[in-house]
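**Student:** The file below is model17.txt, compact mmCIF, C-alpha atoms:
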```
# COMPACT_ATOMS: atom_id res chain seq x y z
CA MET A 12 -197.43 48.15 46.92
CA HIS A 13 -193.96 49.20 47.74
CA SER A 14 -191.09 47.29 46.34
CA THR A 15 -188.04 46.92 48.55
CA GLU A 16 -184.81 47.43 46.72
CA THR A 17 -181.90 45.40 48.12
CA THR A 18 -178.39 46.63 47.61
CA THR A 19 -175.34 44.45 47.95
CA ASP A 20 -172.07 45.82 49.22
CA PRO A 21 -169.47 44.95 46.68
CA ALA A 22 -167.06 44.32 49.55
CA GLY A 23 -169.34 41.57 50.80
CA GLN A 24 -169.32 39.61 47.58
CA THR A 25 -167.62 36.21 47.63
CA PRO A 26 -164.31 36.45 45.67
CA LEU A 27 -163.90 34.27 42.62
CA ILE A 28 -160.51 33.00 43.90
CA SER A 29 -160.20 32.53 47.62
CA ASN A 30 -157.07 33.21 49.62
CA ARG A 31 -156.96 29.56 50.61
CA PHE A 32 -156.90 28.48 46.99
CA ILE A 33 -154.07 30.91 46.26
CA ALA A 34 -152.11 29.56 49.23
CA ILE A 35 -152.60 25.96 48.08
CA LEU A 36 -151.64 26.84 44.52
CA THR A 37 -148.51 28.66 45.69
CA ALA A 38 -147.50 25.75 47.91
CA SER A 39 -148.06 23.31 45.05
CA VAL A 40 -145.90 25.37 42.71
CA LEU A 41 -143.13 25.47 45.31
CA VAL A 42 -143.38 21.72 45.87
CA PHE A 43 -143.22 21.01 42.13
CA ALA A 44 -140.27 23.38 41.78
CA ALA A 45 -138.45 21.63 44.60
CA LEU A 46 -139.21 18.24 43.04
CA SER A 47 -137.92 19.45 39.68
CA VAL A 48 -134.67 20.62 41.24
CA GLY A 49 -134.35 17.35 43.18
CA ILE A 50 -135.02 15.25 40.08
CA SER A 51 -132.53 17.32 38.10
CA LEU A 52 -129.82 16.89 40.76
CA PHE A 53 -130.56 13.20 41.17
CA GLY A 54 -130.60 12.70 37.42
CA HIS A 55 -127.30 14.50 37.06
CA THR A 56 -125.68 12.46 39.83
CA PHE A 57 -127.18 9.18 38.65
CA GLY A 58 -126.28 10.03 35.08
CA GLU A 59 -122.69 10.67 36.06
CA ARG A 60 -122.48 7.37 37.95
CA TRP A 61 -124.19 5.51 35.12
CA ALA A 62 -121.81 7.03 32.57
CA LEU A 63 -118.79 6.01 34.66
CA ALA A 64 -120.21 2.48 35.05
CA GLY A 65 -117.96 1.63 37.98
CA HIS A 66 -114.94 3.48 36.63
CA SER A 67 -113.43 6.56 38.21
CA ASP A 68 -111.89 9.47 36.35
CA SER A 69 -110.39 10.87 39.55
CA ILE A 70 -106.63 11.32 39.65
CA GLU A 71 -106.64 11.77 43.42
CA PRO A 72 -103.85 9.73 45.05
CA VAL A 73 -104.74 6.62 47.03
CA GLU A 74 -102.05 5.31 49.40
CA ILE A 75 -102.21 1.57 49.95
CA SER A 76 -100.05 -0.86 51.93
CA ILE A 77 -99.59 -4.42 50.68
CA GLY A 78 -97.31 -6.49 52.85
CA LEU A 79 -93.98 -4.70 53.18
CA ASP A 80 -94.67 -2.26 50.34
CA HIS A 81 -96.47 1.09 50.47
CA LEU A 82 -97.79 2.49 47.19
CA ARG A 83 -99.34 5.73 45.97
CA LEU A 84 -101.76 5.06 43.11
CA THR A 85 -104.37 7.20 41.39
CA ALA A 86 -108.05 6.31 41.74
CA ASN A 87 -108.64 6.09 37.99
CA THR A 88 -106.15 3.22 37.66
CA ILE A 89 -107.83 1.08 40.35
CA ARG A 90 -110.25 -1.31 38.71
CA PHE A 91 -112.78 -1.94 41.48
CA GLU A 92 -114.64 0.77 43.38
CA GLU A 93 -114.36 -0.95 46.77
CA GLN A 94 -110.55 -0.94 46.44
CA ARG A 95 -110.28 2.84 45.98
CA LYS A 96 -109.65 3.35 49.68
CA GLY A 97 -106.39 4.10 51.41
CA GLY A 98 -104.88 1.82 54.03
CA PRO A 99 -103.75 -1.78 54.25
CA SER A 100 -104.97 -4.25 51.65
CA GLU A 101 -104.33 -7.84 50.66
CA ARG A 102 -104.68 -7.12 46.95
CA ILE A 103 -105.25 -4.31 44.48
CA ASP A 104 -106.45 -4.67 40.88
CA LEU A 105 -105.39 -2.10 38.31
CA TYR A 106 -106.04 -1.54 34.62
CA LEU A 107 -103.95 0.55 32.27
CA LEU A 108 -104.05 1.48 28.61
CA TRP A 109 -101.20 0.34 26.43
CA PRO A 110 -98.97 1.99 25.37
CA GLU A 111 -99.98 5.10 27.33
CA MET A 112 -99.85 3.34 30.73
CA ALA A 113 -102.78 5.61 31.69
CA GLY A 114 -105.92 5.04 33.73
CA TYR A 115 -109.55 5.74 32.92
CA SER A 116 -110.69 9.14 31.67
CA ARG A 117 -113.73 10.51 29.84
CA ASP A 118 -111.68 10.89 26.67
CA ASN A 119 -110.64 7.23 26.52
CA ARG A 120 -113.76 5.63 28.01
CA ARG A 121 -114.54 3.74 24.78
CA ARG A 122 -111.27 1.83 25.07
CA PHE A 123 -112.30 0.68 28.55
CA ASP A 124 -115.93 -0.14 27.73
CA ASP A 125 -115.84 -1.41 24.15
CA PHE A 126 -114.91 -5.10 24.03
CA ALA A 127 -113.62 -4.61 20.50
CA ARG A 128 -110.99 -2.22 21.91
CA ALA A 129 -110.23 -4.11 25.12
CA ASN A 130 -107.09 -5.61 23.57
CA SER A 131 -105.28 -2.38 24.38
CA LEU A 132 -105.84 -2.86 28.13
CA ILE A 133 -103.39 -4.42 30.57
CA PHE A 134 -104.82 -5.81 33.80
CA LEU A 135 -102.61 -5.96 36.89
CA GLN A 136 -103.03 -7.60 40.27
CA LEU A 137 -100.79 -6.54 43.12
CA SER A 138 -100.44 -8.79 46.17
CA GLN A 139 -97.91 -9.87 48.76
CA SER A 140 -95.52 -12.50 47.40
CA THR A 141 -96.36 -16.07 48.35
CA MET A 142 -93.65 -17.72 46.21
CA SER A 143 -89.93 -17.09 46.24
CA ARG A 144 -89.72 -17.19 42.43
CA ASP A 145 -91.61 -15.23 39.82
CA MET A 146 -92.63 -16.78 36.49
CA SER A 147 -89.16 -16.42 34.98
CA GLY A 148 -87.67 -18.15 38.01
CA ARG A 149 -90.15 -21.04 37.75
CA VAL A 150 -89.24 -22.06 34.20
CA GLU A 151 -86.43 -24.50 34.98
CA PRO A 152 -87.50 -25.94 38.35
CA ILE A 153 -91.21 -26.29 37.53
CA TYR A 154 -92.44 -25.63 34.00
CA ALA A 155 -89.60 -27.45 32.20
CA HIS A 156 -90.73 -30.72 33.81
CA LEU A 157 -94.24 -30.26 32.41
CA PHE A 158 -93.36 -29.68 28.76
CA ASP A 159 -94.56 -31.97 25.98
CA GLY A 160 -92.12 -32.35 23.09
CA THR A 161 -89.35 -30.00 22.06
CA GLU A 162 -89.52 -26.24 21.93
CA GLN A 163 -90.65 -24.55 18.74
CA ASP A 164 -90.05 -21.17 17.23
CA GLY A 165 -92.81 -18.86 18.38
CA PRO A 166 -93.79 -15.36 17.33
CA PHE A 167 -91.67 -12.22 17.82
CA GLY A 168 -88.44 -13.98 18.77
CA LEU A 169 -90.07 -16.14 21.45
CA LYS A 170 -89.71 -19.90 21.94
CA LEU A 171 -92.95 -21.88 22.30
CA HIS A 172 -93.37 -24.79 24.73
CA HIS A 173 -96.45 -27.03 24.94
CA PHE A 174 -97.62 -28.52 28.24
CA ARG A 175 -98.50 -32.14 28.73
CA ALA A 176 -102.20 -32.91 29.11
CA GLY A 177 -103.35 -33.13 32.70
CA THR A 178 -100.77 -30.72 34.08
CA GLY A 179 -103.35 -28.05 34.83
CA TYR A 180 -102.22 -25.90 31.91
CA ASP A 181 -104.31 -27.59 29.24
CA ASP A 182 -104.50 -25.59 25.98
CA GLU A 183 -101.94 -23.09 27.32
CA VAL A 184 -98.40 -22.63 26.04
CA LEU A 185 -95.34 -21.10 27.64
CA LEU A 186 -93.43 -18.56 25.59
CA THR A 187 -89.84 -17.80 26.60
CA ALA A 188 -86.96 -15.64 25.44
CA ALA A 189 -83.38 -15.20 26.56
CA ARG A 190 -82.53 -11.74 27.93
CA PRO A 191 -78.91 -10.60 28.35
CA GLY A 192 -78.11 -10.08 32.02
CA LYS A 193 -81.60 -11.15 33.14
CA PRO A 194 -83.48 -14.40 33.73
CA ASP A 195 -85.33 -15.68 30.67
CA TYR A 196 -88.60 -13.94 29.92
CA ALA A 197 -91.60 -16.25 30.38
CA VAL A 198 -95.32 -15.78 29.75
CA ARG A 199 -98.21 -18.26 29.67
CA CYS A 200 -100.73 -17.75 26.88
CA LEU A 201 -103.95 -19.28 25.64
CA LEU A 202 -103.29 -18.52 21.99
CA PRO A 203 -106.27 -18.17 19.64
CA ALA A 204 -106.97 -20.84 17.08
CA PRO A 205 -105.94 -20.05 13.49
CA GLY A 206 -108.33 -17.46 12.09
CA ALA A 207 -109.75 -16.58 15.51
CA ALA A 208 -109.35 -13.15 17.06
CA PRO A 209 -107.14 -12.75 20.16
CA ARG A 210 -108.90 -12.08 23.45
CA GLY A 211 -108.08 -9.51 26.05
CA GLY A 212 -106.06 -11.02 28.88
CA ASP A 213 -105.19 -14.34 27.24
CA CYS A 214 -101.49 -13.96 28.20
CA GLN A 215 -100.34 -13.93 31.83
CA ARG A 216 -97.04 -13.20 33.53
CA ASP A 217 -95.96 -12.34 37.08
CA ILE A 218 -92.90 -10.49 38.35
CA HIS A 219 -91.50 -9.48 41.74
CA VAL A 220 -91.21 -5.75 42.42
CA GLY A 221 -90.29 -3.78 45.53
CA ARG A 222 -89.62 -5.50 48.83
CA ASP A 223 -92.28 -8.21 48.82
CA LEU A 224 -94.71 -7.51 45.99
CA THR A 225 -95.95 -9.83 43.26
CA VAL A 226 -97.33 -8.14 40.16
CA LEU A 227 -99.46 -10.49 38.10
CA TYR A 228 -100.44 -8.94 34.80
CA ARG A 229 -102.53 -10.01 31.84
CA PHE A 230 -102.67 -8.69 28.32
CA SER A 231 -103.93 -9.70 24.90
CA SER A 232 -101.79 -11.99 22.76
CA GLU A 233 -102.34 -9.33 20.10
CA LEU A 234 -99.72 -7.30 22.02
CA LEU A 235 -97.07 -10.04 22.12
CA SER A 236 -94.95 -8.06 19.67
CA ASP A 237 -94.45 -5.53 22.48
CA TRP A 238 -93.49 -8.07 25.16
CA PRO A 239 -90.11 -6.47 26.07
CA GLN A 240 -91.59 -2.98 26.30
CA ILE A 241 -94.64 -4.13 28.29
CA ASP A 242 -92.54 -5.96 30.87
CA SER A 243 -90.16 -3.04 31.36
CA ALA A 244 -92.99 -0.49 31.48
CA ILE A 245 -94.96 -2.40 34.13
CA GLU A 246 -91.92 -2.90 36.37
CA ALA A 247 -91.02 0.79 36.07
CA TYR A 248 -94.63 1.88 36.65
CA ILE A 249 -94.92 -0.01 39.93
CA ARG A 250 -91.43 0.93 41.16
CA GLU A 251 -92.18 4.61 40.60
CA ARG A 252 -95.30 4.33 42.77
CA ILE A 253 -93.67 2.59 45.73
CA ILE A 254 -93.14 5.09 48.54
CA ALA A 255 -89.56 4.61 49.72
CA GLY A 256 -89.00 4.41 53.46
CA ALA A 257 -92.70 4.03 54.33
CA THR A 258 -93.44 1.98 57.43
CA PRO A 259 -95.46 -1.12 56.55
CA THR A 260 -98.96 -1.29 58.01
CA LYS A 261 -100.39 -4.51 59.36
CA VAL A 262 -102.94 -5.89 56.94
CA GLN A 263 -106.42 -6.37 58.32
CA LYS A 264 -108.22 -9.03 56.36
CA ARG A 265 -111.40 -7.81 54.73
CA ALA A 266 -113.87 -9.28 52.32
CA ASN A 267 -112.96 -8.71 48.69
CA PRO A 268 -115.42 -9.89 46.04
CA ALA A 269 -112.78 -9.82 43.33
CA THR A 270 -110.96 -13.09 42.80
CA ASN A 271 -108.01 -14.18 40.71
CA ASP A 272 -110.37 -15.32 38.00
CA SER A 273 -111.65 -11.75 37.56
CA LEU A 274 -108.32 -10.37 36.43
```
How does the structure come out when it is put into structure tokens?

**Tutor:**
Amino acid sequence: MHSTETTTDPAGQTPLISNRFIAILTASVLVFAALSVGISLFGHTFGERWALAGHSDSIEPVEISIGLDHLRLTANTIRFEEQRKGGPSERIDLYLLWPEMAGYSRDNRRRFDDFARANSLIFLQLSQSTMSRDMSGRVEPIYAHLFDGTEQDGPFGLKLHHFRAGTGYDDEVLLTAARPGKPDYAVRCLLPAPGAAPRGGDCQRDIHVGRDLTVLYRFSSELLSDWPQIDSAIEAYIRERIIAGATPTKVQKRANPATNDSL
């Protein structure tokens, strides 16, 4: 009986790893690599936005027209993201560190985000004037008729005036001070109760700057000792950012989610 010996050509053997499997594996590696890069880029971008939390550290100039005044501001001083656009506007909200008069940056982010340090912030609201008198000009014709009792000595050389109940200024006081060659200084404050900590923005004052601009600003009563310096610094800050000779642009009304109560 003859046995038949069968030989197998090594070239005809089925490979352990097929070309198709290698192609699929290579494609998968490329896909995962692309996903990793995409996730890294997205994470970096999202992380940056999350870290800024609505702030901007950009010092790029933003030119804005409000009424008859044209201003050049930096993006990191503008409080709300939707307002960091050039062109006509009805209102712009700013925030600045005191005493630096500086906007947001990575180095000072804690002072913008930490409520315990918010007392060093000054909040400003710029809008077209709707009244002929600023707060100083309203003392005699308006506020003086709403006072309850006689004036008292207040802190830091200021005189304190209480308002009658029902006048719309309940729990607020008006602090005033004579200024040589200028109208009396005036600021409305919601002073903290004895033993309580002052809050950021519990004092409010408005001034007229430029051709037709009202600057309403708020600061903590903790900073009342600096009231002359704060008032002068804010007026100078806005004046320096008004572009002289600029042609006013007609304001186109647009939705703005920020309201006076948010300042």

**Student:** Given the point (-104.6, -23.2, 28.5) in the coordinates of this file, which residues lie within 9 Å, counting all atoms listed in the file, and how would they look as a ChimeraX atom specification?

**Tutor:** /A:174,179-184,199-202,213

**Student:** If you measure from atom CA of Trp109 of chain A to atom CA of Ser131 of chain A, what distance in Å do you get, rounded to one decimal?

**Tutor:**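 Rounded to one decimal, the two atoms are 5.3 Å apart.
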
**Student:** Between atom CA of Ser236 of chain A and atom CA of Ala207 of chain A, what is the distance, to one decimal in Å?

**Tutor:** 17.6 Å

**Student:** Would you pick out the contacts of Arg83 of chain A at 10 Å or less, using all atoms listed in the file, so that residues sharing its chain but fewer than 3 positions from it are not included, and give the list as a PyMOL selection string?

**Tutor:** chain A and resi 71-76+86+97+249+251-254

**Student:** What is the atom CA of Asp242 of chain A to atom CA of Ala176 of chain A distance in Å?

**Tutor:**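 Atom-to-atom, atom CA of Asp242 of chain A to atom CA of Ala176 of chain A, that is 28.7 Å.
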
**Student:** Ranking A:Ser143, A:Arg95, A:Leu157, A:Leu132 by minimum distance to Arg229 of chain A and counting all atoms listed in the file, which one comes first?

**Tutor:**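 So, comparing all the options, the nearest one is A:Leu132.
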
**Student:** Nearest residue to Arg120 of chain A out of A:Leu224, A:Gly65, A:His156, A:Leu82, using all atoms listed in the file?

**Tutor:** A:Gly65

**Student:** Return the single residue from A:Arg122, A:Arg149, A:Lys96, A:Lys193 that is closest to Gly211 of chain A, with distances computed using all atoms listed in the file.

**Tutor:**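 Using all atoms listed in the file, Gly211 of chain A sits closest to A:Arg122.
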
**Student:** Between A:Ser232, A:Gly148, A:Gln163, A:Gln139, which one has atoms that come closest to Asp195 of chain A, using only C-alpha atoms?

**Tutor:**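 That would be A:Gly148, the residue with the smallest distance to Asp195 of chain A.
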
**Student:** Contacts of Gln136 of chain A at 7 Å or less, counting only C-alpha atoms, minus same-chain residues fewer than 2 places along, as JSON, numbers by chain?

**Tutor:** {"A": [102, 103, 104, 105, 134, 138, 226, 227, 228]}

**Student:** Which residue, A:Gly160, A:Pro203, A:Pro209, A:Gly98, has the smallest gap to Ala127 of chain A when you use all atoms listed in the file?

**Tutor:** A:Pro209

**Student:** Hey, which of A:His173, A:His66, A:Arg128, A:Arg144 ends up closest to Ile218 of chain A? Count all atoms listed in the file.

**Tutor:**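 With all atoms listed in the file as the atom set, the closest residue is A:Arg144.
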
**Student:** How about completing segment 92-103 of chain A with all heavy atoms and giving it to me as a short mmCIF file (atom, residue, chain, number, x, y, z; two decimals), keeping the file's coordinate frame?

**Tutor:**
```
data_model
loop_
_atom_site.label_atom_id
_atom_site.label_comp_id
_atom_site.auth_asym_id
_atom_site.auth_seq_id
_atom_site.Cartn_x
_atom_site.Cartn_y
_atom_site.Cartn_z
N GLU A 92 -114.27 -0.37 42.55
CA GLU A 92 -114.64 0.77 43.38
C GLU A 92 -114.31 0.53 44.85
O GLU A 92 -113.82 1.43 45.54
CB GLU A 92 -116.13 1.08 43.22
CG GLU A 92 -116.61 2.30 43.97
CD GLU A 92 -118.06 2.62 43.69
OE1 GLU A 92 -118.71 1.89 42.91
OE2 GLU A 92 -118.56 3.61 44.26
N GLU A 93 -114.56 -0.68 45.35
CA GLU A 93 -114.36 -0.95 46.77
C GLU A 93 -112.87 -0.95 47.15
O GLU A 93 -112.53 -0.93 48.33
CB GLU A 93 -114.98 -2.30 47.16
CG GLU A 93 -114.39 -3.51 46.49
CD GLU A 93 -115.02 -3.83 45.14
OE1 GLU A 93 -115.78 -2.97 44.63
OE2 GLU A 93 -114.76 -4.92 44.61
N GLN A 94 -111.99 -0.96 46.16
CA GLN A 94 -110.55 -0.94 46.44
C GLN A 94 -109.97 0.47 46.42
O GLN A 94 -108.79 0.64 46.71
CB GLN A 94 -109.81 -1.81 45.42
CG GLN A 94 -110.12 -3.29 45.52
CD GLN A 94 -109.33 -4.11 44.52
OE1 GLN A 94 -108.75 -3.59 43.57
NE2 GLN A 94 -109.31 -5.42 44.72
N ARG A 95 -110.78 1.46 46.08
CA ARG A 95 -110.28 2.84 45.98
C ARG A 95 -110.29 3.52 47.34
O ARG A 95 -110.84 4.61 47.51
CB ARG A 95 -111.10 3.63 44.96
CG ARG A 95 -111.01 3.06 43.55
CD ARG A 95 -111.83 3.82 42.55
NE ARG A 95 -111.94 3.05 41.31
CZ ARG A 95 -113.08 2.79 40.69
NH1 ARG A 95 -114.23 3.26 41.18
NH2 ARG A 95 -113.10 2.06 39.59
N LYS A 96 -109.72 2.84 48.32
CA LYS A 96 -109.65 3.35 49.68
C LYS A 96 -108.22 3.18 50.18
O LYS A 96 -107.59 2.16 49.94
CB LYS A 96 -110.61 2.59 50.60
CG LYS A 96 -112.07 2.66 50.18
CD LYS A 96 -112.93 1.78 51.07
CE LYS A 96 -114.38 1.80 50.62
NZ LYS A 96 -115.24 0.89 51.45
N GLY A 97 -107.73 4.19 50.87
CA GLY A 97 -106.39 4.10 51.41
C GLY A 97 -106.30 3.14 52.58
O GLY A 97 -107.31 2.78 53.18
N GLY A 98 -105.08 2.70 52.89
CA GLY A 98 -104.88 1.82 54.03
C GLY A 98 -104.34 0.48 53.60
O GLY A 98 -104.00 0.24 52.45
N PRO A 99 -104.28 -0.44 54.56
CA PRO A 99 -103.75 -1.78 54.25
C PRO A 99 -104.71 -2.59 53.39
O PRO A 99 -105.92 -2.45 53.48
CB PRO A 99 -103.60 -2.41 55.65
CG PRO A 99 -104.60 -1.69 56.49
CD PRO A 99 -104.64 -0.29 55.98
N SER A 100 -104.16 -3.42 52.54
CA SER A 100 -104.97 -4.25 51.65
C SER A 100 -104.21 -5.53 51.34
O SER A 100 -102.98 -5.57 51.39
CB SER A 100 -105.28 -3.50 50.36
OG SER A 100 -106.04 -4.29 49.47
N GLU A 101 -104.95 -6.58 51.06
CA GLU A 101 -104.33 -7.84 50.66
C GLU A 101 -104.03 -7.87 49.17
O GLU A 101 -103.15 -8.58 48.72
CB GLU A 101 -105.24 -9.01 51.02
CG GLU A 101 -105.45 -9.19 52.51
CD GLU A 101 -106.39 -10.34 52.83
OE1 GLU A 101 -107.20 -10.69 51.96
OE2 GLU A 101 -106.30 -10.88 53.93
N ARG A 102 -104.79 -7.06 48.40
CA ARG A 102 -104.68 -7.12 46.95
C ARG A 102 -105.30 -5.89 46.33
O ARG A 102 -106.29 -5.36 46.83
CB ARG A 102 -105.38 -8.37 46.45
CG ARG A 102 -105.71 -8.37 44.98
CD ARG A 102 -106.48 -9.61 44.63
NE ARG A 102 -107.22 -9.43 43.39
CZ ARG A 102 -108.00 -10.36 42.85
NH1 ARG A 102 -108.16 -11.50 43.47
NH2 ARG A 102 -108.63 -10.13 41.72
N ILE A 103 -104.70 -5.43 45.23
CA ILE A 103 -105.25 -4.31 44.48
C ILE A 103 -105.24 -4.69 43.00
O ILE A 103 -104.25 -5.24 42.49
CB ILE A 103 -104.43 -3.02 44.70
CG1 ILE A 103 -104.59 -2.52 46.13
CG2 ILE A 103 -104.89 -1.92 43.73
CD1 ILE A 103 -106.00 -2.08 46.50
#
```
